[in-house]
file work.cif (mmCIF, C-alpha atoms)
data_data
loop_
_atom_site.group_PDB
_atom_site.id
_atom_site.type_symbol
_atom_site.label_atom_id
_atom_site.label_comp_id
_atom_site.auth_asym_id
_atom_site.auth_seq_id
_atom_site.Cartn_x
_atom_site.Cartn_y
_atom_site.Cartn_z
ATOM 1 C CA MET A 1 47.035 73.678 81.119
ATOM 2 C CA GLU A 2 48.212 71.912 84.206
ATOM 3 C CA THR A 3 50.482 72.459 87.146
ATOM 4 C CA GLY A 4 53.548 70.242 86.977
ATOM 5 C CA SER A 5 54.455 67.991 89.872
ATOM 6 C CA ILE A 6 57.809 66.235 89.985
ATOM 7 C CA HIS A 7 59.642 64.386 92.759
ATOM 8 C CA ALA A 8 63.416 64.747 92.999
ATOM 9 C CA PRO A 9 66.096 63.817 95.534
ATOM 10 C CA TYR A 10 66.135 66.239 98.465
ATOM 11 C CA ASP A 11 69.400 68.016 97.640
ATOM 12 C CA GLU A 12 68.390 68.599 94.031
ATOM 13 C CA ALA A 13 64.935 69.745 95.045
ATOM 14 C CA LEU A 14 66.430 72.194 97.556
ATOM 15 C CA MET A 15 68.876 73.573 95.002
ATOM 16 C CA LEU A 16 66.040 73.954 92.505
ATOM 17 C CA LYS A 17 63.861 75.778 95.002
ATOM 18 C CA ASN A 18 66.653 78.113 96.091
ATOM 19 C CA LYS A 19 67.483 78.965 92.492
ATOM 20 C CA SER A 20 63.837 79.629 91.695
ATOM 21 C CA LEU A 21 63.633 82.044 94.629
ATOM 22 C CA GLU A 22 66.672 83.894 93.259
ATOM 23 C CA VAL A 23 65.254 84.137 89.755
ATOM 24 C CA GLU A 24 61.615 84.870 90.564
ATOM 25 C CA PRO A 25 62.003 88.607 91.307
ATOM 26 C CA TYR A 26 63.756 89.133 87.975
ATOM 27 C CA LEU A 27 61.161 87.122 86.046
ATOM 28 C CA ASN A 28 58.423 89.561 87.002
ATOM 29 C CA GLY A 29 55.781 87.013 85.983
ATOM 30 C CA HIS A 30 57.030 86.663 82.423
ATOM 31 C CA SER A 31 56.384 83.346 80.733
ATOM 32 C CA ILE A 32 59.067 80.849 79.731
ATOM 33 C CA TYR A 33 59.012 79.218 76.285
ATOM 34 C CA LEU A 34 61.133 76.098 75.857
ATOM 35 C CA VAL A 35 62.421 75.396 72.354
ATOM 36 C CA GLY A 36 64.576 72.609 70.955
ATOM 37 C CA LEU A 37 64.565 69.559 68.740
ATOM 38 C CA MET A 38 62.122 66.712 69.276
ATOM 39 C CA GLY A 39 62.995 64.601 72.282
ATOM 40 C CA SER A 40 65.021 67.312 74.006
ATOM 41 C CA GLY A 41 62.972 67.099 77.212
ATOM 42 C CA LYS A 42 60.939 70.285 76.897
ATOM 43 C CA THR A 43 57.827 68.790 78.477
ATOM 44 C CA THR A 44 59.652 67.086 81.358
ATOM 45 C CA VAL A 45 61.802 70.100 82.203
ATOM 46 C CA GLY A 46 58.866 72.431 81.618
ATOM 47 C CA LYS A 47 56.744 70.677 84.223
ATOM 48 C CA ILE A 48 59.557 70.901 86.775
ATOM 49 C CA LEU A 49 59.970 74.629 86.126
ATOM 50 C CA SER A 50 56.242 75.309 86.279
ATOM 51 C CA HIS A 51 55.950 73.467 89.576
ATOM 52 C CA VAL A 52 58.822 75.240 91.318
ATOM 53 C CA LEU A 53 57.818 78.682 90.009
ATOM 54 C CA GLY A 54 54.111 78.213 90.658
ATOM 55 C CA TYR A 55 53.419 78.754 86.961
ATOM 56 C CA SER A 56 50.932 76.932 84.737
ATOM 57 C CA PHE A 57 52.330 74.456 82.223
ATOM 58 C CA CYS A 58 51.124 73.891 78.695
ATOM 59 C CA ASP A 59 52.333 71.982 75.673
ATOM 60 C CA SER A 60 51.644 73.718 72.361
ATOM 61 C CA ASP A 61 51.369 70.401 70.486
ATOM 62 C CA THR A 62 48.747 69.180 72.967
ATOM 63 C CA LEU A 63 46.745 72.396 72.547
ATOM 64 C CA ILE A 64 46.817 71.937 68.767
ATOM 65 C CA GLU A 65 45.665 68.324 69.107
ATOM 66 C CA GLN A 66 42.762 69.439 71.286
ATOM 67 C CA GLU A 67 41.692 71.939 68.634
ATOM 68 C CA VAL A 68 41.737 69.339 65.856
ATOM 69 C CA ASN A 69 39.264 66.932 67.490
ATOM 70 C CA GLY A 70 41.919 65.190 69.558
ATOM 71 C CA MET A 71 43.851 64.141 66.470
ATOM 72 C CA SER A 72 47.535 63.386 67.145
ATOM 73 C CA VAL A 73 50.297 65.506 65.636
ATOM 74 C CA ALA A 74 51.261 62.580 63.394
ATOM 75 C CA GLU A 75 47.673 62.285 62.165
ATOM 76 C CA ILE A 76 47.434 66.038 61.564
ATOM 77 C CA PHE A 77 50.584 65.936 59.436
ATOM 78 C CA LYS A 78 49.272 62.949 57.484
ATOM 79 C CA LEU A 79 45.752 64.257 56.830
ATOM 80 C CA HIS A 80 46.235 68.025 56.685
ATOM 81 C CA GLY A 81 49.944 68.565 55.971
ATOM 82 C CA GLU A 82 52.698 70.452 57.750
ATOM 83 C CA SER A 83 51.573 73.919 56.608
ATOM 84 C CA PHE A 84 48.180 73.408 58.298
ATOM 85 C CA PHE A 85 49.928 72.335 61.494
ATOM 86 C CA ARG A 86 52.299 75.329 61.433
ATOM 87 C CA LYS A 87 49.346 77.691 61.019
ATOM 88 C CA LYS A 88 47.624 76.159 64.040
ATOM 89 C CA GLU A 89 50.882 76.371 65.984
ATOM 90 C CA THR A 90 51.139 80.096 65.329
ATOM 91 C CA GLU A 91 47.506 80.597 66.398
ATOM 92 C CA VAL A 92 48.189 78.800 69.685
ATOM 93 C CA LEU A 93 51.331 80.845 70.372
ATOM 94 C CA GLN A 94 49.443 84.038 69.591
ATOM 95 C CA ARG A 95 46.844 83.195 72.246
ATOM 96 C CA LEU A 96 49.473 82.225 74.812
ATOM 97 C CA SER A 97 51.426 85.428 74.193
ATOM 98 C CA SER A 98 48.769 87.499 75.971
ATOM 99 C CA LYS A 99 49.246 85.543 79.200
ATOM 100 C CA LYS A 100 51.871 85.608 81.932
ATOM 101 C CA GLN A 101 53.225 83.023 84.368
ATOM 102 C CA LEU A 102 53.278 80.167 81.878
ATOM 103 C CA VAL A 103 55.906 77.568 81.055
ATOM 104 C CA VAL A 104 55.292 76.515 77.458
ATOM 105 C CA SER A 105 56.765 73.454 75.776
ATOM 106 C CA THR A 106 56.815 74.247 72.053
ATOM 107 C CA GLY A 107 57.047 71.931 69.058
ATOM 108 C CA GLY A 108 60.480 71.407 67.557
ATOM 109 C CA GLY A 109 59.650 73.491 64.482
ATOM 110 C CA ALA A 110 58.041 76.436 66.261
ATOM 111 C CA VAL A 111 61.235 78.448 65.791
ATOM 112 C CA VAL A 112 61.100 78.481 61.983
ATOM 113 C CA ARG A 113 58.430 81.184 61.652
ATOM 114 C CA ASP A 114 59.458 84.724 62.554
ATOM 115 C CA VAL A 115 55.951 85.575 63.733
ATOM 116 C CA ASN A 116 56.236 82.861 66.390
ATOM 117 C CA TRP A 117 59.281 84.629 67.834
ATOM 118 C CA ASP A 118 57.246 87.835 68.037
ATOM 119 C CA TYR A 119 54.632 86.031 70.104
ATOM 120 C CA MET A 120 57.030 84.075 72.310
ATOM 121 C CA GLN A 121 59.131 87.119 73.160
ATOM 122 C CA LYS A 122 56.185 89.488 73.606
ATOM 123 C CA LYS A 123 55.856 88.636 77.299
ATOM 124 C CA GLY A 124 58.178 85.690 77.490
ATOM 125 C CA ILE A 125 61.731 84.412 77.669
ATOM 126 C CA VAL A 126 62.795 81.773 75.158
ATOM 127 C CA VAL A 127 65.069 78.996 76.423
ATOM 128 C CA TRP A 128 66.805 76.533 74.080
ATOM 129 C CA LEU A 129 67.406 73.030 75.405
ATOM 130 C CA ASP A 130 70.499 72.058 73.434
ATOM 131 C CA VAL A 131 70.963 68.288 73.515
ATOM 132 C CA PRO A 132 73.646 66.368 71.536
ATOM 133 C CA LEU A 133 72.148 64.706 68.461
ATOM 134 C CA GLU A 134 73.384 61.240 69.404
ATOM 135 C CA ALA A 135 71.632 61.450 72.764
ATOM 136 C CA LEU A 136 68.424 62.634 71.097
ATOM 137 C CA ALA A 137 68.549 59.827 68.549
ATOM 138 C CA GLN A 138 69.002 57.259 71.329
ATOM 139 C CA ARG A 139 66.011 58.645 73.231
ATOM 140 C CA ILE A 140 63.769 58.649 70.179
ATOM 141 C CA ALA A 141 64.865 55.200 69.021
ATOM 142 C CA ALA A 142 64.136 53.802 72.480
ATOM 143 C CA VAL A 143 60.485 54.899 72.399
ATOM 144 C CA GLY A 144 59.916 54.499 68.656
ATOM 145 C CA THR A 145 59.495 56.951 65.798
ATOM 146 C CA HIS A 146 55.805 56.330 65.083
ATOM 147 C CA SER A 147 54.717 59.570 66.774
ATOM 148 C CA ARG A 148 57.368 61.671 64.995
ATOM 149 C CA PRO A 149 55.988 62.568 61.553
ATOM 150 C CA LEU A 150 59.189 64.246 60.356
ATOM 151 C CA LEU A 151 61.151 61.026 60.885
ATOM 152 C CA HIS A 152 59.154 59.021 58.368
ATOM 153 C CA TYR A 153 61.280 60.245 55.475
ATOM 154 C CA GLU A 154 64.416 58.375 56.452
ATOM 155 C CA ASP A 155 65.373 54.733 55.926
ATOM 156 C CA GLY A 156 67.229 52.436 58.292
ATOM 157 C CA ASP A 157 66.988 51.283 61.881
ATOM 158 C CA PRO A 158 65.282 53.648 64.375
ATOM 159 C CA TYR A 159 68.559 55.140 65.691
ATOM 160 C CA THR A 160 70.063 55.761 62.238
ATOM 161 C CA LYS A 161 66.777 57.134 60.956
ATOM 162 C CA ALA A 162 66.467 59.506 63.908
ATOM 163 C CA LEU A 163 70.099 60.648 63.745
ATOM 164 C CA LYS A 164 69.915 61.408 60.023
ATOM 165 C CA ARG A 165 66.733 63.410 60.318
ATOM 166 C CA LEU A 166 67.801 65.249 63.469
ATOM 167 C CA SER A 167 71.076 66.244 61.786
ATOM 168 C CA TYR A 168 69.125 67.664 58.875
ATOM 169 C CA LEU A 169 66.669 69.486 61.136
ATOM 170 C CA LEU A 170 69.445 71.026 63.236
ATOM 171 C CA GLU A 171 71.169 72.201 60.077
ATOM 172 C CA GLN A 172 67.921 73.866 59.000
ATOM 173 C CA ARG A 173 66.928 75.273 62.376
ATOM 174 C CA GLY A 174 70.207 75.815 64.223
ATOM 175 C CA LYS A 175 70.324 79.563 63.580
ATOM 176 C CA ASN A 176 66.728 79.847 64.766
ATOM 177 C CA TYR A 177 67.381 78.010 68.021
ATOM 178 C CA ALA A 178 70.409 80.247 68.579
ATOM 179 C CA LYS A 179 68.068 83.274 68.731
ATOM 180 C CA ALA A 180 66.790 82.091 72.103
ATOM 181 C CA ASN A 181 67.322 84.401 75.064
ATOM 182 C CA ALA A 182 69.011 81.620 77.022
ATOM 183 C CA ARG A 183 70.749 78.384 75.983
ATOM 184 C CA VAL A 184 70.928 75.282 78.158
ATOM 185 C CA SER A 185 73.703 73.013 76.879
ATOM 186 C CA LEU A 186 73.505 69.507 78.299
ATOM 187 C CA GLU A 187 77.141 68.922 77.336
ATOM 188 C CA GLU A 188 78.190 71.927 79.421
ATOM 189 C CA ILE A 189 76.103 70.816 82.406
ATOM 190 C CA ALA A 190 77.558 67.300 82.240
ATOM 191 C CA GLY A 191 81.072 68.726 82.088
ATOM 192 C CA LYS A 192 80.406 71.023 85.015
ATOM 193 C CA LEU A 193 79.017 68.205 87.163
ATOM 194 C CA GLY A 194 81.665 65.689 86.124
ATOM 195 C CA TYR A 195 79.377 63.310 84.231
ATOM 196 C CA ARG A 196 80.732 61.301 81.327
ATOM 197 C CA ASP A 197 77.440 61.196 79.465
ATOM 198 C CA VAL A 198 74.573 63.654 79.188
ATOM 199 C CA SER A 199 72.190 60.738 79.752
ATOM 200 C CA ASP A 200 73.383 60.730 83.374
ATOM 201 C CA LEU A 201 71.833 64.160 83.947
ATOM 202 C CA THR A 202 68.542 64.326 85.796
ATOM 203 C CA PRO A 203 65.711 66.548 84.555
ATOM 204 C CA THR A 204 66.024 68.539 87.800
ATOM 205 C CA GLU A 205 69.688 69.298 87.125
ATOM 206 C CA ILE A 206 68.716 70.529 83.666
ATOM 207 C CA ALA A 207 65.934 72.663 85.169
ATOM 208 C CA ILE A 208 68.393 74.231 87.635
ATOM 209 C CA GLU A 209 70.707 75.163 84.753
ATOM 210 C CA ALA A 210 67.745 76.612 82.849
ATOM 211 C CA LEU A 211 66.965 78.888 85.788
ATOM 212 C CA GLU A 212 70.622 79.893 86.034
ATOM 213 C CA GLN A 213 70.747 80.827 82.347
ATOM 214 C CA ILE A 214 67.466 82.733 82.615
ATOM 215 C CA GLU A 215 68.900 84.640 85.574
ATOM 216 C CA VAL A 216 72.057 85.506 83.619
ATOM 217 C CA TYR A 217 69.945 86.782 80.746
ATOM 218 C CA LEU A 218 67.613 88.839 82.929
ATOM 219 C CA LYS A 219 70.487 90.439 84.808
ATOM 220 C CA GLU A 220 71.910 91.754 81.580
ATOM 221 C CA GLU A 221 70.806 95.244 80.644
ATOM 222 C CA ASP A 222 68.639 94.234 77.705
ATOM 223 C CA GLY A 223 66.991 91.458 79.632
ATOM 224 C CA MET A 224 66.191 93.743 82.528
ATOM 225 C CA ALA A 225 64.547 96.188 80.166
ATOM 226 C CA ILE A 226 62.416 93.447 78.615
ATOM 227 C CA ALA A 227 61.321 92.277 82.042
ATOM 228 C CA GLY A 228 60.207 95.782 82.883
ATOM 229 C CA LEU A 229 62.625 96.202 85.763
#

call {"tool": "encode", "arguments": {"input": "work.cif", "output": "structure tokens"}}
result
Amino acid sequence: METGSIHAPYDEALMLKNKSLEVEPYLNGHSIYLVGLMGSGKTTVGKILSHVLGYSFCDSDTLIEQEVNGMSVAEIFKLHGESFFRKKETEVLQRLSSKKQLVVSTGGGAVVRDVNWDYMQKKGIVVWLDVPLEALAQRIAAVGTHSRPLLHYEDGDPYTKALKRLSYLLEQRGKNYAKANARVSLEEIAGKLGYRDVSDLTPTEIAIEALEQIEVYLKEEDGMAIAGL
């Protein structure tokens, strides 16, 4: 675990801090679990949220890697298979579920097992970072697909390969992501701020929207009950 530290322009940083102060009383120390497809920015946004809330940050994939002798996720998939990885993922989420004041970046497939939802929502709020597939494919293609084991099944150039696989994964997991307590749509943020492209959004702007959506959820009757307020 680590405490995130991110620098942002003053106005954004001030808006982020003010929003965190509004949300904090409603959070009541409950953890935040970020879900979404690979490349959706869960780690980057998670570190910003952890820093402004004074929470600890952890990445479930990193915790799994540490448990398997420092082996990368791609290596774990190759040597042990996806089912082994998913089992380890559930074990990690089970351990984290007993803690509070965490921001957790989960793996893209963490949403597929019902038991994982039980753990994430035990003392936490699940937030879906919903990023357009084309934007995700561009991000992944720019850094390469070598670290993404689920992308190895497609043919073509990096962008086409990523877009095909992401489309398939969203089709398989879309209903699971939609079970999140709060949804952060990058298209909606871009529209609200007058940006033509979601790639123009800063991670801080996305983090502010995440806090706003968490606040909306917690102010609803069911959310308030879950938060123990």

call {"tool": "residues_around", "arguments": {"input": "work.cif", "residues": "Ser83 in chain A", "least_positions_apart": "5", "cutoff": "12 Å", "atoms": "only C-alpha atoms", "output": "list in words"}}
result
Ile76, Phe77, Lys78, Lys88, Glu89, Thr90, Gly109, Ala110, Val112 and Arg113 of chain A

call {"tool": "axis_aligned_box", "arguments": {"input": "work.cif", "around": "range 66-84 of chain A", "padding_each_side": "8 Å", "output": "lines of an AutoDock Vina configuration file"}}
result
center_x = 46.0
center_y = 68.1
center_z = 63.6
size_x = 29.4
size_y = 27.6
size_z = 31.3

call {"tool": "resolve_selection", "arguments": {"input": "work.cif", "expression": "the PyMOL selection byres ((chain A and resi 99) around 10)", "output": "ChimeraX atom specification"}}
result
/A:29-31,94-98,100-102,122-124

call {"tool": "closest_residue", "arguments": {"input": "work.cif", "among": "A:Leu21, A:Val131, A:Lys164, A:Ser105", "to": "Val45 in chain A", "atoms": "all atoms listed in the file"}}
result
A:Ser105

call {"tool": "resolve_selection", "arguments": {"input": "work.cif", "expression": "the PyMOL selection byres ((chain A and resi 27) around 9)", "output": "count of residues only"}}
result
13
